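A.B. asks: Got a structure for you, written out below as structure tokens; questions coming shortly.
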Amino acid sequence: MLLVALCAGCGDTISTTGLQGEGGEGGGDGFSARQFYLDQVHPELVQSCAICHKSSADCTPKLMAEDGETSYDTLKSLPGMVTHPDNSNLIHHGAHTGPTLTLAQETLTREWLSREFPTKPIKRTQVQALALLGSCMEFDEFIDTGVYKFAYQQTQFGPCGACHKTGEAGAWIGYNPEEMFVKNTRLPWIKRLVHPVYDKDKEFIEFRPSNRFIDKPELSNQCGSAHPSALIPAKLEQSLVDFLAVSMVHYDAENCATPADEDAP
Ligand code: HEC
Ligand code: HEC
């Protein structure tokens, strides 16, 4: 027990012994939580996610491995994965280049993370923060800054709107500005605008711009991706920067309409 307690912050040295457990970071029963991952969650996730996430090649973050033990240790070593379900980006990254979790996968992942983190987070969760940010975005500012113009941005295979007009791959870039606005205030689409940042206790603290509308087309060649490429004009880039900045001002002031779907745990 003492060794385990002393080694709480040095995961690398003992994390593969199977000894670690009792009183994991969130106060959960670490041993059974780990076993639950190995028995129930890993077999589900590995088939959908490991093909891309077992290495960090092609601009893909390394999140897991083919084998359960290594996968568990890798996920645990990252800031935003093994944390309370309402904070975990494993659950809330949503549809992207990869698929969203199936209902069965999400249920098992939530069960596992609730065992790891049985106590309610002290700070505002990522889910609550996303709802607040969404309610802090304003349609007239979406129009004034010009973010809606992304729909018409050309690539060698047509404009963004041609492929993303109904939210493909978690990116909603459509020709109807009202609809594009509303979708981008919600999951999973809002996640293409912002990315969560965590503190050392793996609680959510703030958002940073995720820049996906810019990086996706601009870095596609260098990421070895077949995604159409485009150099986003400075003015259009600035529209996204400005829209997020003004939305964050409302968010920080917290003077926004009450989020419709507070979704308290
Ligand atoms: C076809 C490849 C592919 C598959 C399959 C895939 N992903 Fe991804 N994933 C990516 C790429 C590329 C990124 C980086 C760009 C981004 O942020 O979306 C990423 C990013 C992520 C992130 C963000 C990491 C962070 O630091 O927060 C999470 C979480 C994630 N994926 C989870 C999953 C899960 C869960 C699955 C399985 C259900 C999955 N992915 C399947 C390609 C994939
Ligand atoms: C010819 C169809 C097509 C066009 C045009 C297109 N996309 Fe995509 N986009 C896709 C497909 C397919 C995916 C899912 C596979 C992938 O991630 O490469 C995707 C994924 C994405 C994602 C989510 C995944 C991530 O890595 O964050 C973003 C954001 C994105 N595209 C932005 C854009 C932008 C911005 C434009 C216009 C400059 C654009 N796309 C033009 C087909 C297209």
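Each chain in the structure tokens gets a letter, A, B, ..., in the order shown, and its residues are numbered from 1; ligands are numbered from 1 in order too.
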What residues have any atom no more than 7 Å from ligand 1 when counting only C-alpha atoms and all ligand atoms, and can you list them as a list in words?

C.D. replies: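 If we count only C-alpha atoms and all ligand atoms, the neighbours of ligand 1 turn out to be Leu45, Ser48, Cys49, Ala50, Ile51, Cys52, His53, Cys59, Thr60, Pro61, Gly80, Met81, Asn89, Leu90, Ile91, His93, His96, Thr97, Gly98, Pro99, Thr100 and Leu101 of chain A.
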
A.B. asks: Output the neighbourhood of ligand 2 as an MDAnalysis selection string, that is, all protein and nucleic acid residues with some atom at most 10 Å from the ligand, counting only C-alpha atoms and all ligand atoms.

C.D. replies: chainID A and resid 59:60 93 95:99 150:165 167:173 189 191:193 210:220 223:232

A.B. asks: Excluding Ala129 (chain A) and any residue of its chain fewer than 6 positions from it, enumerate the residues within 10 Å of it, using only C-alpha atoms, and give them as a ChimeraX atom specification.

C.D. replies: /A:87,123,135,196,204-207,251,259,262

A.B. asks: What is the CA of Leu130 (chain A)-CA of Val182 (chain A) distance in Å, reported with one decimal?

C.D. replies: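 Straight-line distance from CA of Leu130 (chain A) to CA of Val182 (chain A) works out to 13.3 Å.
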
A.B. asks: As JSON, numbers by chain, please: every residue in region 18-160 of chain A that a backbone DSSP assignment puts in helix (DSSP H, G or I).

C.D. replies: {"A": [30, 31, 32, 33, 34, 35, 36, 37, 38, 39, 40, 41, 42, 43, 44, 45, 46, 47, 48, 49, 50, 51, 52, 53, 68, 69, 70, 71, 72, 73, 74, 75, 76, 77, 89, 90, 91, 92, 103, 104, 105, 106, 107, 108, 109, 110, 111, 112, 113, 114, 115, 116, 126, 127, 128, 129, 130, 131, 132, 133, 134, 135, 136, 139, 140, 141, 142, 143, 144, 145, 147, 148, 149, 150, 151, 152, 160]}

A.B. asks: Mind giving me the straight-line distance from CA of Phe181 (chain A) to CA of Glu203 (chain A) in Å, one decimal?

C.D. replies: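 Pair CA of Phe181 (chain A) / CA of Glu203 (chain A) returns 28.3 Å.
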
A.B. asks: For CA of Val41 (chain A) and CA of Asp29 (chain A), determine how far apart the two atoms are, in Å to one decimal place.

C.D. replies: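 Answer for the CA of Val41 (chain A) to CA of Asp29 (chain A) separation: 16.3 Å.
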
A.B. asks: Calculated over only C-alpha atoms, which of the candidates A:Asp242, A:Glu111, A:Glu106, A:Asp86 has the smallest distance to Gln126 (chain A)?

C.D. replies: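 Of A:Asp242, A:Glu111, A:Glu106, A:Asp86, the one nearest Gln126 (chain A) is A:Asp86, counting only C-alpha atoms.
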
A.B. asks: So which one's closest to Glu141 (chain A), A:Thr125, A:Leu236, A:Asp199, A:Ala245? Using only C-alpha atoms, please.

C.D. replies: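 Closest residue, counting only C-alpha atoms: A:Ala245.
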
A.B. asks: Please determine, counting only C-alpha atoms, which residue among A:Leu38, A:Val127, A:Leu133, A:Ala234 has the shortest atom-to-atom distance to Ala257 (chain A).

C.D. replies: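 Smallest separation from Ala257 (chain A) among the options: A:Leu133.
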
A.B. asks: Taking only C-alpha atoms into account, which of A:Ala65, A:Met137, A:Ala57, A:Val246 comes nearest Lys183 (chain A)?

C.D. replies: A:Met137
